[in-house]
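Next up, structure_25.cif (mmCIF, C-alpha atoms):
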data_entry
loop_
_atom_site.group_PDB
_atom_site.id
_atom_site.type_symbol
_atom_site.label_atom_id
_atom_site.label_comp_id
_atom_site.auth_asym_id
_atom_site.auth_seq_id
_atom_site.Cartn_x
_atom_site.Cartn_y
_atom_site.Cartn_z
ATOM 1 C CA MET C 667 187.857 206.441 227.801
ATOM 2 C CA SER C 668 190.779 204.702 229.465
ATOM 3 C CA GLU C 669 193.283 207.495 228.762
ATOM 4 C CA ARG C 670 192.913 211.100 229.816
ATOM 5 C CA VAL C 671 192.846 213.692 227.045
ATOM 6 C CA GLU C 672 195.501 216.289 227.882
ATOM 7 C CA TRP C 673 193.910 219.342 226.347
ATOM 8 C CA ILE C 674 190.701 218.684 228.295
ATOM 9 C CA ASP C 675 192.619 218.772 231.584
ATOM 10 C CA PHE C 676 194.217 222.038 230.458
ATOM 11 C CA SER C 677 190.779 223.421 229.542
ATOM 12 C CA LYS C 678 189.360 222.454 232.917
ATOM 13 C CA GLY C 679 192.404 223.970 234.608
ATOM 14 C CA ILE C 680 191.953 227.296 232.818
ATOM 15 C CA GLY C 681 188.201 227.171 233.416
ATOM 16 C CA ILE C 682 188.420 226.554 237.165
ATOM 17 C CA LEU C 683 191.067 229.280 237.485
ATOM 18 C CA LEU C 684 188.691 231.734 235.783
ATOM 19 C CA VAL C 685 185.879 230.633 238.110
ATOM 20 C CA VAL C 686 187.958 231.358 241.214
ATOM 21 C CA ILE C 687 189.142 234.704 239.800
ATOM 22 C CA SER C 688 185.580 235.753 238.963
ATOM 23 C CA HIS C 689 184.276 234.845 242.415
ATOM 24 C CA SER C 690 187.226 236.672 243.983
ATOM 25 C CA VAL C 691 186.249 239.786 242.011
ATOM 26 C CA THR C 692 182.655 239.418 243.193
ATOM 27 C CA ALA C 693 183.772 238.996 246.814
ATOM 28 C CA TYR C 694 185.950 242.112 246.546
ATOM 29 C CA ALA C 695 183.087 244.178 245.117
ATOM 30 C CA ARG C 696 180.683 243.022 247.809
ATOM 31 C CA ARG C 697 183.060 243.724 250.683
ATOM 32 C CA THR C 698 184.364 247.101 249.500
ATOM 33 C CA GLY C 699 181.239 248.442 247.804
ATOM 34 C CA ASN C 700 183.290 249.091 244.674
ATOM 35 C CA MET C 701 181.206 247.631 241.853
ATOM 36 C CA ALA C 702 183.439 248.851 239.017
ATOM 37 C CA PRO C 703 185.404 245.564 238.686
ATOM 38 C CA LEU C 704 182.142 243.694 238.078
ATOM 39 C CA HIS C 705 181.562 245.793 234.967
ATOM 40 C CA SER C 706 185.073 245.514 233.535
ATOM 41 C CA ASP C 707 185.529 244.022 230.077
ATOM 42 C CA PHE C 708 187.604 241.182 231.549
ATOM 43 C CA GLU C 709 184.881 240.159 234.001
ATOM 44 C CA LYS C 710 182.145 240.401 231.381
ATOM 45 C CA ILE C 711 184.113 238.291 228.903
ATOM 46 C CA ILE C 712 184.987 235.441 231.277
ATOM 47 C CA LEU C 713 181.464 235.407 232.722
ATOM 48 C CA SER C 714 180.096 234.906 229.230
ATOM 49 C CA PHE C 715 181.744 231.541 228.691
ATOM 50 C CA PHE C 716 183.378 229.798 231.666
ATOM 51 C CA MET C 717 180.219 227.941 232.711
ATOM 52 C CA PRO C 718 179.236 226.996 229.119
ATOM 53 C CA LEU C 719 182.802 225.648 228.870
ATOM 54 C CA PHE C 720 182.294 223.174 231.720
ATOM 55 C CA PHE C 721 178.958 221.960 230.346
ATOM 56 C CA PHE C 722 180.546 221.533 226.915
ATOM 57 C CA LEU C 723 183.495 219.565 228.309
ATOM 58 C CA SER C 724 181.084 217.325 230.194
ATOM 59 C CA GLY C 725 179.174 216.749 226.970
ATOM 60 C CA LEU C 726 182.277 215.269 225.363
ATOM 61 C CA PHE C 727 181.816 212.165 227.500
ATOM 62 C CA VAL C 728 178.030 211.684 227.748
ATOM 63 C CA SER C 729 177.846 209.223 224.853
ATOM 64 C CA HIS C 730 178.538 206.314 227.225
ATOM 65 C CA LEU C 731 175.167 206.997 228.899
ATOM 66 C CA ILE C 732 173.268 205.919 225.779
ATOM 67 C CA LYS C 733 174.183 202.247 226.207
ATOM 68 C CA LYS C 734 172.882 202.056 229.786
ATOM 69 C CA ASN C 735 169.374 201.758 231.176
ATOM 70 C CA LEU C 736 167.666 204.721 232.814
ATOM 71 C CA TRP C 737 167.991 203.446 236.378
ATOM 72 C CA THR C 738 171.732 202.860 235.976
ATOM 73 C CA VAL C 739 172.199 206.341 234.527
ATOM 74 C CA ILE C 740 170.258 207.981 237.362
ATOM 75 C CA LYS C 741 172.094 205.952 240.017
ATOM 76 C CA THR C 742 175.624 206.586 238.696
ATOM 77 C CA ARG C 743 175.075 210.262 237.935
ATOM 78 C CA PHE C 744 173.383 210.784 241.312
ATOM 79 C CA LYS C 745 176.449 209.363 243.082
ATOM 80 C CA ARG C 746 178.776 211.378 240.864
ATOM 81 C CA LEU C 747 176.973 214.703 241.160
ATOM 82 C CA MET C 748 174.084 214.828 243.608
ATOM 83 C CA VAL C 749 175.779 213.148 246.582
ATOM 84 C CA PRO C 750 178.557 215.798 246.560
ATOM 85 C CA TYR C 751 175.853 218.416 245.987
ATOM 86 C CA PHE C 752 174.034 217.533 249.203
ATOM 87 C CA ILE C 753 177.242 217.001 251.216
ATOM 88 C CA TRP C 754 178.723 220.352 250.244
ATOM 89 C CA GLY C 755 175.315 221.992 250.428
ATOM 90 C CA VAL C 756 175.118 221.100 254.116
ATOM 91 C CA ILE C 757 178.745 222.168 254.672
ATOM 92 C CA SER C 758 178.059 225.490 252.928
ATOM 93 C CA LEU C 759 174.956 226.101 255.025
ATOM 94 C CA ILE C 760 176.887 225.376 258.225
ATOM 95 C CA PHE C 761 179.538 227.862 257.090
ATOM 96 C CA TYR C 762 176.839 230.407 256.275
ATOM 97 C CA GLY C 763 175.239 229.812 259.671
ATOM 98 C CA ILE C 764 178.523 230.414 261.479
ATOM 99 C CA TYR C 765 179.257 233.477 259.351
ATOM 100 C CA SER C 766 175.803 235.011 259.889
ATOM 101 C CA ARG C 767 175.489 233.642 263.457
ATOM 102 C CA SER C 768 172.249 231.860 262.650
ATOM 103 C CA ILE C 769 171.714 228.442 261.097
ATOM 104 C CA PRO C 770 168.909 228.704 258.509
ATOM 105 C CA LEU C 771 167.155 225.355 258.979
ATOM 106 C CA SER C 772 164.503 226.313 256.430
ATOM 107 C CA ARG C 773 167.273 226.798 253.861
ATOM 108 C CA LEU C 774 168.483 223.272 254.585
ATOM 109 C CA MET C 775 165.034 221.923 253.726
ATOM 110 C CA GLU C 776 165.143 223.834 250.431
ATOM 111 C CA LEU C 777 168.341 222.159 249.185
ATOM 112 C CA PRO C 778 166.446 219.652 246.978
ATOM 113 C CA ILE C 779 164.941 222.527 244.972
ATOM 114 C CA ARG C 780 167.158 225.532 245.684
ATOM 115 C CA PRO C 781 170.960 225.305 245.391
ATOM 116 C CA ILE C 782 173.277 227.357 247.558
ATOM 117 C CA PHE C 783 176.264 229.316 246.271
ATOM 118 C CA VAL C 784 177.950 227.684 243.254
ATOM 119 C CA LEU C 785 176.343 224.269 243.666
ATOM 120 C CA TRP C 786 173.709 225.084 241.053
ATOM 121 C CA PHE C 787 176.182 223.856 238.420
ATOM 122 C CA VAL C 788 176.391 220.347 239.886
ATOM 123 C CA TYR C 789 172.591 220.064 240.137
ATOM 124 C CA THR C 790 172.053 221.445 236.632
ATOM 125 C CA LEU C 791 174.666 219.115 235.129
ATOM 126 C CA PHE C 792 172.872 216.146 236.677
ATOM 127 C CA LEU C 793 169.595 217.262 235.070
ATOM 128 C CA CYS C 794 171.328 217.866 231.733
ATOM 129 C CA ASP C 795 172.759 214.333 231.726
ATOM 130 C CA ILE C 796 169.370 212.776 232.493
ATOM 131 C CA THR C 797 167.715 214.950 229.840
ATOM 132 C CA PHE C 798 170.349 213.922 227.293
ATOM 133 C CA TYR C 799 169.687 210.256 228.030
ATOM 134 C CA LEU C 800 165.918 210.676 227.670
ATOM 135 C CA PHE C 801 166.215 212.595 224.403
ATOM 136 C CA THR C 802 168.549 210.029 222.838
ATOM 137 C CA TYR C 803 166.403 207.171 224.150
ATOM 138 C CA PHE C 804 163.281 208.395 222.381
ATOM 139 C CA THR C 805 164.912 209.610 219.167
ATOM 140 C CA LYS C 806 168.235 209.178 217.360
ATOM 141 C CA ASN C 807 167.587 212.199 215.150
ATOM 142 C CA LYS C 808 170.433 214.582 216.016
ATOM 143 C CA LEU C 809 168.919 217.452 214.059
ATOM 144 C CA TYR C 810 165.674 217.191 216.012
ATOM 145 C CA ILE C 811 167.463 217.151 219.364
ATOM 146 C CA GLY C 812 169.675 220.027 218.239
ATOM 147 C CA LEU C 813 166.660 222.167 217.299
ATOM 148 C CA VAL C 814 164.954 221.340 220.591
ATOM 149 C CA SER C 815 168.104 222.291 222.521
ATOM 150 C CA ILE C 816 168.258 225.662 220.717
ATOM 151 C CA PHE C 817 164.596 226.281 221.518
ATOM 152 C CA MET C 818 165.317 225.361 225.143
ATOM 153 C CA PHE C 819 168.182 227.870 225.186
ATOM 154 C CA ILE C 820 165.980 230.712 223.965
ATOM 155 C CA LEU C 821 163.253 229.719 226.426
ATOM 156 C CA GLY C 822 165.817 229.622 229.230
ATOM 157 C CA GLU C 823 166.983 233.133 228.377
ATOM 158 C CA TRP C 824 163.366 234.311 228.307
ATOM 159 C CA MET C 825 162.637 232.782 231.724
ATOM 160 C CA THR C 826 165.772 234.340 233.187
ATOM 161 C CA ILE C 827 164.770 237.813 232.002
ATOM 162 C CA ARG C 828 160.994 237.524 232.416
ATOM 163 C CA PHE C 829 160.993 236.012 235.921
ATOM 164 C CA ASN C 830 164.354 237.374 237.092
ATOM 165 C CA PHE C 831 165.703 233.885 237.780
ATOM 166 C CA HIS C 832 169.188 233.694 239.248
ATOM 167 C CA ILE C 833 171.335 230.807 240.460
ATOM 168 C CA ASN C 834 169.949 230.933 244.012
ATOM 169 C CA SER C 835 166.313 231.052 242.922
ATOM 170 C CA PRO C 836 164.062 228.109 243.837
ATOM 171 C CA PHE C 837 163.832 225.564 241.011
ATOM 172 C CA TYR C 838 166.609 227.326 239.048
ATOM 173 C CA PRO C 839 168.277 224.030 237.967
ATOM 174 C CA PHE C 840 164.935 222.782 236.614
ATOM 175 C CA THR C 841 164.171 225.966 234.678
ATOM 176 C CA SER C 842 166.745 228.481 233.450
ATOM 177 C CA GLY C 843 169.696 226.264 234.399
ATOM 178 C CA LEU C 844 168.655 223.179 232.440
ATOM 179 C CA PHE C 845 167.116 225.072 229.535
ATOM 180 C CA THR C 846 170.046 227.464 229.083
ATOM 181 C CA TYR C 847 172.969 225.049 229.424
ATOM 182 C CA PHE C 848 171.711 221.802 227.889
ATOM 183 C CA VAL C 849 172.633 223.041 224.405
ATOM 184 C CA TYR C 850 176.323 223.159 225.396
ATOM 185 C CA VAL C 851 176.223 219.587 226.695
ATOM 186 C CA TYR C 852 174.689 218.487 223.417
ATOM 187 C CA LEU C 853 177.266 220.426 221.390
ATOM 188 C CA GLY C 854 179.987 218.610 223.318
ATOM 189 C CA TYR C 855 178.380 215.300 222.424
ATOM 190 C CA LEU C 856 178.046 216.219 218.723
ATOM 191 C CA PHE C 857 181.696 217.222 218.351
ATOM 192 C CA SER C 858 183.227 214.680 220.720
ATOM 193 C CA ASN C 859 184.558 212.307 218.062
ATOM 194 C CA CYS C 860 186.592 214.940 216.244
ATOM 195 C CA LEU C 861 187.642 216.995 219.276
ATOM 196 C CA LEU C 862 188.965 214.120 221.372
ATOM 197 C CA LYS C 863 191.544 213.412 218.663
ATOM 198 C CA ILE C 864 192.078 216.939 217.353
ATOM 199 C CA LYS C 865 195.531 218.233 216.397
ATOM 200 C CA LEU C 866 196.076 221.697 214.948
ATOM 201 C CA LYS C 867 199.141 223.623 213.800
ATOM 202 C CA LYS C 868 200.516 226.532 215.849
ATOM 203 C CA PHE C 869 199.452 229.166 213.330
ATOM 204 C CA THR C 870 195.909 227.785 213.232
ATOM 205 C CA LEU C 871 195.702 227.860 217.033
ATOM 206 C CA PHE C 872 197.015 231.435 217.130
ATOM 207 C CA PHE C 873 194.542 232.506 214.444
ATOM 208 C CA LEU C 874 191.623 230.907 216.328
ATOM 209 C CA CYS C 875 192.657 232.624 219.573
ATOM 210 C CA VAL C 876 192.769 236.044 217.911
ATOM 211 C CA ILE C 877 189.440 235.600 216.118
ATOM 212 C CA CYS C 878 187.656 234.232 219.201
ATOM 213 C CA PHE C 879 188.975 236.927 221.534
ATOM 214 C CA ALA C 880 188.099 239.672 219.059
ATOM 215 C CA GLY C 881 184.617 238.215 218.705
ATOM 216 C CA LEU C 882 184.133 238.028 222.477
ATOM 217 C CA TYR C 883 185.323 241.596 222.948
ATOM 218 C CA GLY C 884 183.070 242.844 220.174
ATOM 219 C CA LEU C 885 179.999 241.061 221.530
ATOM 220 C CA GLN C 886 180.511 242.668 224.949
ATOM 221 C CA LYS C 887 180.256 246.081 223.286
ATOM 222 C CA LEU C 888 176.908 245.294 221.669
ATOM 223 C CA SER C 889 173.570 245.838 223.366
ATOM 224 C CA PHE C 890 170.417 243.856 222.567
ATOM 225 C CA THR C 891 166.897 244.498 223.816
ATOM 226 C CA SER C 892 165.043 241.547 222.288
ATOM 227 C CA ILE C 893 165.044 238.001 223.626
ATOM 228 C CA ILE C 894 166.278 236.639 220.290
ATOM 229 C CA GLY C 895 169.098 239.172 220.110
ATOM 230 C CA THR C 896 170.163 238.507 223.687
ATOM 231 C CA SER C 897 170.016 234.753 223.106
ATOM 232 C CA ILE C 898 172.186 234.962 219.982
ATOM 233 C CA ASP C 899 174.655 237.207 221.812
ATOM 234 C CA ARG C 900 174.992 234.855 224.785
ATOM 235 C CA PHE C 901 175.130 231.706 222.663
ATOM 236 C CA LEU C 902 177.850 233.098 220.396
ATOM 237 C CA SER C 903 179.800 234.317 223.426
ATOM 238 C CA GLY C 904 179.637 230.850 224.934
ATOM 239 C CA VAL C 905 180.768 229.147 221.718
ATOM 240 C CA LEU C 906 183.575 231.635 221.036
ATOM 241 C CA GLY C 907 184.797 231.324 224.622
ATOM 242 C CA ILE C 908 184.812 227.538 224.369
ATOM 243 C CA LEU C 909 186.816 227.676 221.112
ATOM 244 C CA LEU C 910 189.238 230.158 222.685
ATOM 245 C CA ILE C 911 189.959 227.931 225.689
ATOM 246 C CA ILE C 912 190.267 224.812 223.522
ATOM 247 C CA SER C 913 192.782 226.605 221.275
ATOM 248 C CA ILE C 914 194.817 227.808 224.259
ATOM 249 C CA SER C 915 194.670 224.323 225.799
ATOM 250 C CA LEU C 916 195.928 222.662 222.625
ATOM 251 C CA TRP C 917 198.826 225.133 222.563
ATOM 252 C CA LEU C 918 199.602 224.446 226.247
ATOM 253 C CA GLY C 919 199.582 220.740 225.464
ATOM 254 C CA ARG C 920 202.599 221.293 223.212
ATOM 255 C CA ARG C 921 204.422 222.697 226.258
ATOM 256 C CA ARG C 922 203.019 220.316 228.837
ATOM 257 C CA HIS C 923 206.158 220.302 230.964
ATOM 258 C CA SER C 924 206.000 224.083 231.429
ATOM 259 C CA PHE C 925 202.334 224.151 232.439
ATOM 260 C CA LYS C 926 201.944 221.096 234.652
ATOM 261 C CA LEU C 927 200.193 223.214 237.289
ATOM 262 C CA VAL C 928 197.365 224.123 234.916
ATOM 263 C CA LYS C 929 196.900 220.472 233.992
ATOM 264 C CA LYS C 930 196.850 219.484 237.676
ATOM 265 C CA LEU C 931 194.180 222.103 238.362
ATOM 266 C CA GLY C 932 192.124 220.546 235.584
ATOM 267 C CA PHE C 933 192.446 217.104 237.121
ATOM 268 C CA MET C 934 191.236 218.517 240.448
ATOM 269 C CA SER C 935 188.626 220.863 238.938
ATOM 270 C CA MET C 936 185.592 219.227 240.590
ATOM 271 C CA GLU C 937 187.234 219.248 244.014
ATOM 272 C CA ILE C 938 188.257 222.882 243.642
ATOM 273 C CA TYR C 939 184.812 223.855 242.401
ATOM 274 C CA LEU C 940 183.070 222.264 245.387
ATOM 275 C CA ILE C 941 185.428 223.798 247.961
ATOM 276 C CA HIS C 942 186.498 227.155 246.575
ATOM 277 C CA LYS C 943 183.494 229.378 247.296
ATOM 278 C CA ILE C 944 183.821 229.017 251.071
ATOM 279 C CA LEU C 945 187.562 229.703 250.917
ATOM 280 C CA VAL C 946 187.100 232.731 248.653
ATOM 281 C CA GLU C 947 184.784 234.253 251.255
ATOM 282 C CA VAL C 948 187.313 233.632 254.036
ATOM 283 C CA PHE C 949 190.422 234.874 252.236
ATOM 284 C CA SER C 950 188.708 237.915 250.706
ATOM 285 C CA VAL C 951 187.844 239.147 254.222
ATOM 286 C CA PHE C 952 191.485 238.829 255.212
ATOM 287 C CA PHE C 953 192.913 240.671 252.176
ATOM 288 C CA VAL C 954 190.340 243.484 252.241
ATOM 289 C CA ILE C 955 191.432 244.289 255.802
ATOM 290 C CA PHE C 956 194.947 245.095 254.598
ATOM 291 C CA THR C 957 194.327 246.668 251.204
ATOM 292 C CA SER C 958 191.567 248.039 249.000
ATOM 293 C CA ASN C 959 193.544 247.517 245.799
ATOM 294 C CA VAL C 960 191.407 245.280 243.593
ATOM 295 C CA TYR C 961 194.370 243.551 241.936
ATOM 296 C CA LEU C 962 196.076 242.663 245.205
ATOM 297 C CA VAL C 963 192.844 241.391 246.747
ATOM 298 C CA VAL C 964 191.784 239.339 243.721
ATOM 299 C CA ILE C 965 195.224 237.855 243.050
ATOM 300 C CA GLY C 966 195.840 237.149 246.731
ATOM 301 C CA THR C 967 192.411 235.588 247.231
ATOM 302 C CA THR C 968 192.751 233.483 244.079
ATOM 303 C CA VAL C 969 196.232 232.167 244.905
ATOM 304 C CA MET C 970 195.391 231.396 248.535
ATOM 305 C CA THR C 971 192.123 229.706 247.549
ATOM 306 C CA ILE C 972 193.796 227.473 244.953
ATOM 307 C CA CYS C 973 196.584 226.535 247.393
ATOM 308 C CA ALA C 974 194.117 225.827 250.203
ATOM 309 C CA CYS C 975 191.945 223.687 247.909
ATOM 310 C CA TRP C 976 195.015 221.748 246.814
ATOM 311 C CA LEU C 977 196.074 221.177 250.426
ATOM 312 C CA ALA C 978 192.532 220.166 251.423
ATOM 313 C CA VAL C 979 192.377 217.538 248.679
ATOM 314 C CA ILE C 980 195.776 216.119 249.734
ATOM 315 C CA VAL C 981 194.678 215.943 253.390
ATOM 316 C CA VAL C 982 191.355 214.333 252.513
ATOM 317 C CA ASN C 983 193.100 211.706 250.401
ATOM 318 C CA LYS C 984 195.652 211.006 253.140
ATOM 319 C CA LEU C 985 192.904 210.567 255.730
ATOM 320 C CA GLY C 986 191.126 208.064 253.502
ATOM 321 C CA VAL C 987 187.904 210.055 253.363
ATOM 322 C CA PRO C 988 185.479 208.439 250.874
ATOM 323 C CA ARG C 989 186.167 209.631 247.330
ATOM 324 C CA ILE C 990 182.453 210.155 246.803
ATOM 325 C CA LEU C 991 182.856 213.377 248.825
ATOM 326 C CA PHE C 992 184.105 214.857 245.559
ATOM 327 C CA GLY C 993 182.010 212.703 243.250
ATOM 328 C CA ARG C 994 184.762 210.248 242.373
ATOM 329 C CA LEU C 995 183.363 206.713 242.186
#
Could you quickly redo this structure as structure tokens?
Amino acid sequence: MSERVEWIDFSKGIGILLVVISHSVTAYARRTGNMAPLHSDFEKIILSFFMPLFFFLSGLFVSHLIKKNLWTVIKTRFKRLMVPYFIWGVISLIFYGIYSRSIPLSRLMELPIRPIFVLWFVYTLFLCDITFYLFTYFTKNKLYIGLVSIFMFILGEWMTIRFNFHINSPFYPFTSGLFTYFVYVYLGYLFSNCLLKIKLKKFTLFFLCVICFAGLYGLQKLSFTSIIGTSIDRFLSGVLGILLIISISLWLGRRRHSFKLVKKLGFMSMEIYLIHKILVEVFSVFFVIFTSNVYLVVIGTTVMTICACWLAVIVVNKLGVPRILFGRL
């Protein structure tokens, strides 16, 4: 698309803000030993959907891959996603080495199969895009691909629980990551035509926000023991969260002049995502020294991280550093 879709920038802006807040909460809990914030309703709710949101938003634009050949798709997506993955993977490992006073060379060798920190998302998105291309190359049956993606989701949930996979586990992007999140990429593709041009009335947006938030809150209060139950719970949470953010973003779009900052964050969401984890670790140390109040630490860490990311992007652009550092071709 030649023109940017405003509500998507707002959605990315809200999403990346939630990512930074969540990681600030995690940093606070780890440094103070106070795990209570990790189990708050707010943290549980945003954790249930902010990553599905980014995969869904990416899926809105994957249709252009269908018209290309496999080598072109691999080459362009590798430059867009995997080059920044390896660059920031090395930077993150250097930071970790300085922080822990030992540079884990073995961990550097594991980067092709084991992401570090938040970079699992970039790797997994690359695999999702390639998988989407292969599926649509071999069949045009959307129902078939949809059923396969649902089966993949359930299998991904099973692997996560059965083998205790987490985002820093070896081969995570190839297993639980790809299998769990591909369905959201495909949902984005399926609904792209109607969503890219969507316009809803204020009352409808308000009604959707209330319903989605109530659904998210209710799902967090339920407890499932079976794989199917857990899968349904997580899938519905992801979908409801996506609808909630889209509704809020469409409302913000009506007041674009009052929320330019959120839109700007959305435009810089990839840059912020790649940089923020290191900065969260640095700023959380600083704030925890002066206060143990969770709200002050989380808000302070979030604000300082966003500002520092913004400044870093401006400096990088001024210095003429290659745009591929952030995956911009």
* Asked: Between C:Ile682, C:Leu853, C:Leu945, C:Leu916, which has the minimum distance to Leu813 of chain C (counting all atoms listed in the file)?
  ->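 Closest residue, counting all atoms listed in the file: C:Leu853.
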* Asked: Could you write out as a PyMOL selection string the residues that the PyMOL selection byres ((chain C and resi 812) around 12) matches in the shown file?
  -> chain C and resi 798+801-802+805-811+813-819+848-856
* Asked: Of the residues C:Leu962, C:Ile740, C:Ala978, C:Ile894, which is the one nearest to Ile938 of chain C, using only C-alpha atoms?
  ->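 Result for the nearest residue to Ile938 of chain C: C:Ala978.
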* **Selection dump of the PyMOL selection byres ((chain C and resi 843) around 9), as a ChimeraX atom specification** => /C:786-787,789-791,794,822,832-833,837-842,844-848
* Would you translate the PyMOL selection byres ((chain C and resi 993) around 10) into the concrete set of residues it matches in this file, as a list of chain:residue names? =>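 The output of the PyMOL selection byres ((chain C and resi 993) around 10) on this file is C:Thr742, C:Arg743, C:Phe744, C:Lys745, C:Arg746, C:Leu747, C:Met748, C:Val749, C:Pro750, C:Tyr751, C:Met936, C:Glu937, C:Leu940, C:Pro988, C:Arg989, C:Ile990, C:Leu991, C:Phe992, C:Arg994, C:Leu995.
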* Residue nearest Val951 of chain C among C:Val671, C:Cys878, C:His705, C:Tyr765 (counting all atoms listed in the file) ->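 Checking each of C:Val671, C:Cys878, C:His705, C:Tyr765 against Val951 of chain C, counting all atoms listed in the file, the winner is C:Tyr765.
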* Neighbour list for segment 687-704 of chain C as a PyMOL selection string, cut-off 12 Å, all atoms listed in the file, skip fewer than 6 positions in-chain -> chain C and resi 680-681+710-717+783-784+939+942-972
* Which residues come within 10 Å of segment 910-912 of chain C, counting only C-alpha atoms, excluding same-chain residues fewer than 3 positions away, as a PyMOL selection string? -> chain C and resi 673-674+676-678+680-681+715-716+719+723+861+871-872+874-879+882+904-907+915-918
* Can you list, as a PyMOL selection string, every protein, DNA or RNA residue that comes within 12 Å of Thr891 of chain C when you count only C-alpha atoms, leaving out same-chain residues fewer than 5 positions away? -> chain C and resi 824+827+896-899
* **Interatomic distance, atom CA of Lys868 of chain C to atom CA of Ile914 of chain C (Å, one decimal)** => 10.2 Å
* Asked: Hey, what's within 9 Å of Glu776 of chain C if we count all atoms listed in the file and toss same-chain stuff fewer than 5 positions away? As a ChimeraX atom specification, please?
  -> /C:771,781,836
* Which value, in Å to one decimal, gives the distance between atom CA of Asp675 of chain C and atom CA of Cys860 of chain C? ->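 Rounded to one decimal, the two atoms are 16.9 Å apart.
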* Looking at C:Gly884, C:Gly932, C:Gly895, C:Gly919, which one is nearest to Leu866 of chain C, with distances taken over all atoms listed in the file? ->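 Residue with the minimum atom-to-atom distance to Leu866 of chain C: C:Gly919.
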* Between C:Pro718, C:Val982, C:Arg670, C:Lys733, which one has atoms that come closest to Leu902 of chain C, using all atoms listed in the file? ->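 Using all atoms listed in the file, Leu902 of chain C sits closest to C:Pro718.
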* Asked: C:Ser706, C:Ser903, C:Ser724, C:Ser892: which is nearest Ile820 of chain C, counting all atoms listed in the file?
  ->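 Counting all atoms listed in the file, the residue closest to Ile820 of chain C is C:Ser892.
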Any chance you could model N, CA, C and O atoms for segment 980-991 of chain C and send them as a PDB file, in the coordinates of the input?
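As a result, part-v5.pdb now contains:
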ATOM      1  N   ILE C 980     194.686 217.006 249.295  1.00  0.00           N
ATOM      2  CA  ILE C 980     195.776 216.119 249.734  1.00  0.00           C
ATOM      3  C   ILE C 980     195.465 215.538 251.109  1.00  0.00           C
ATOM      4  O   ILE C 980     195.617 214.333 251.348  1.00  0.00           O
ATOM      5  N   VAL C 981     195.002 216.393 252.035  1.00  0.00           N
ATOM      6  CA  VAL C 981     194.678 215.943 253.390  1.00  0.00           C
ATOM      7  C   VAL C 981     193.539 214.939 253.375  1.00  0.00           C
ATOM      8  O   VAL C 981     193.592 213.894 254.043  1.00  0.00           O
ATOM      9  N   VAL C 982     192.506 215.236 252.606  1.00  0.00           N
ATOM     10  CA  VAL C 982     191.355 214.333 252.513  1.00  0.00           C
ATOM     11  C   VAL C 982     191.776 212.970 251.986  1.00  0.00           C
ATOM     12  O   VAL C 982     191.356 211.927 252.493  1.00  0.00           O
ATOM     13  N   ASN C 983     192.624 212.976 250.956  1.00  0.00           N
ATOM     14  CA  ASN C 983     193.100 211.706 250.401  1.00  0.00           C
ATOM     15  C   ASN C 983     193.958 210.934 251.395  1.00  0.00           C
ATOM     16  O   ASN C 983     193.877 209.704 251.494  1.00  0.00           O
ATOM     17  N   LYS C 984     194.798 211.654 252.145  1.00  0.00           N
ATOM     18  CA  LYS C 984     195.652 211.006 253.140  1.00  0.00           C
ATOM     19  C   LYS C 984     194.829 210.390 254.269  1.00  0.00           C
ATOM     20  O   LYS C 984     195.173 209.327 254.797  1.00  0.00           O
ATOM     21  N   LEU C 985     193.749 211.057 254.635  1.00  0.00           N
ATOM     22  CA  LEU C 985     192.904 210.567 255.730  1.00  0.00           C
ATOM     23  C   LEU C 985     191.996 209.418 255.295  1.00  0.00           C
ATOM     24  O   LEU C 985     191.332 208.801 256.122  1.00  0.00           O
ATOM     25  N   GLY C 986     191.954 209.153 253.999  1.00  0.00           N
ATOM     26  CA  GLY C 986     191.126 208.064 253.502  1.00  0.00           C
ATOM     27  C   GLY C 986     189.642 208.364 253.504  1.00  0.00           C
ATOM     28  O   GLY C 986     188.806 207.463 253.582  1.00  0.00           O
ATOM     29  N   VAL C 987     189.315 209.666 253.429  1.00  0.00           N
ATOM     30  CA  VAL C 987     187.904 210.055 253.363  1.00  0.00           C
ATOM     31  C   VAL C 987     187.319 209.516 252.060  1.00  0.00           C
ATOM     32  O   VAL C 987     187.982 209.550 251.014  1.00  0.00           O
ATOM     33  N   PRO C 988     186.085 209.005 252.088  1.00  0.00           N
ATOM     34  CA  PRO C 988     185.479 208.439 250.874  1.00  0.00           C
ATOM     35  C   PRO C 988     185.567 209.385 249.681  1.00  0.00           C
ATOM     36  O   PRO C 988     185.278 210.577 249.797  1.00  0.00           O
ATOM     37  N   ARG C 989     185.997 208.838 248.541  1.00  0.00           N
ATOM     38  CA  ARG C 989     186.167 209.631 247.330  1.00  0.00           C
ATOM     39  C   ARG C 989     184.862 210.239 246.842  1.00  0.00           C
ATOM     40  O   ARG C 989     184.880 211.226 246.104  1.00  0.00           O
ATOM     41  N   ILE C 990     183.745 209.663 247.263  1.00  0.00           N
ATOM     42  CA  ILE C 990     182.453 210.155 246.803  1.00  0.00           C
ATOM     43  C   ILE C 990     182.181 211.561 247.318  1.00  0.00           C
ATOM     44  O   ILE C 990     181.299 212.269 246.831  1.00  0.00           O
ATOM     45  N   LEU C 991     182.958 212.006 248.327  1.00  0.00           N
ATOM     46  CA  LEU C 991     182.856 213.377 248.825  1.00  0.00           C
ATOM     47  C   LEU C 991     183.036 214.368 247.689  1.00  0.00           C
ATOM     48  O   LEU C 991     182.437 215.435 247.688  1.00  0.00           O
TER      49      LEU C 991
END
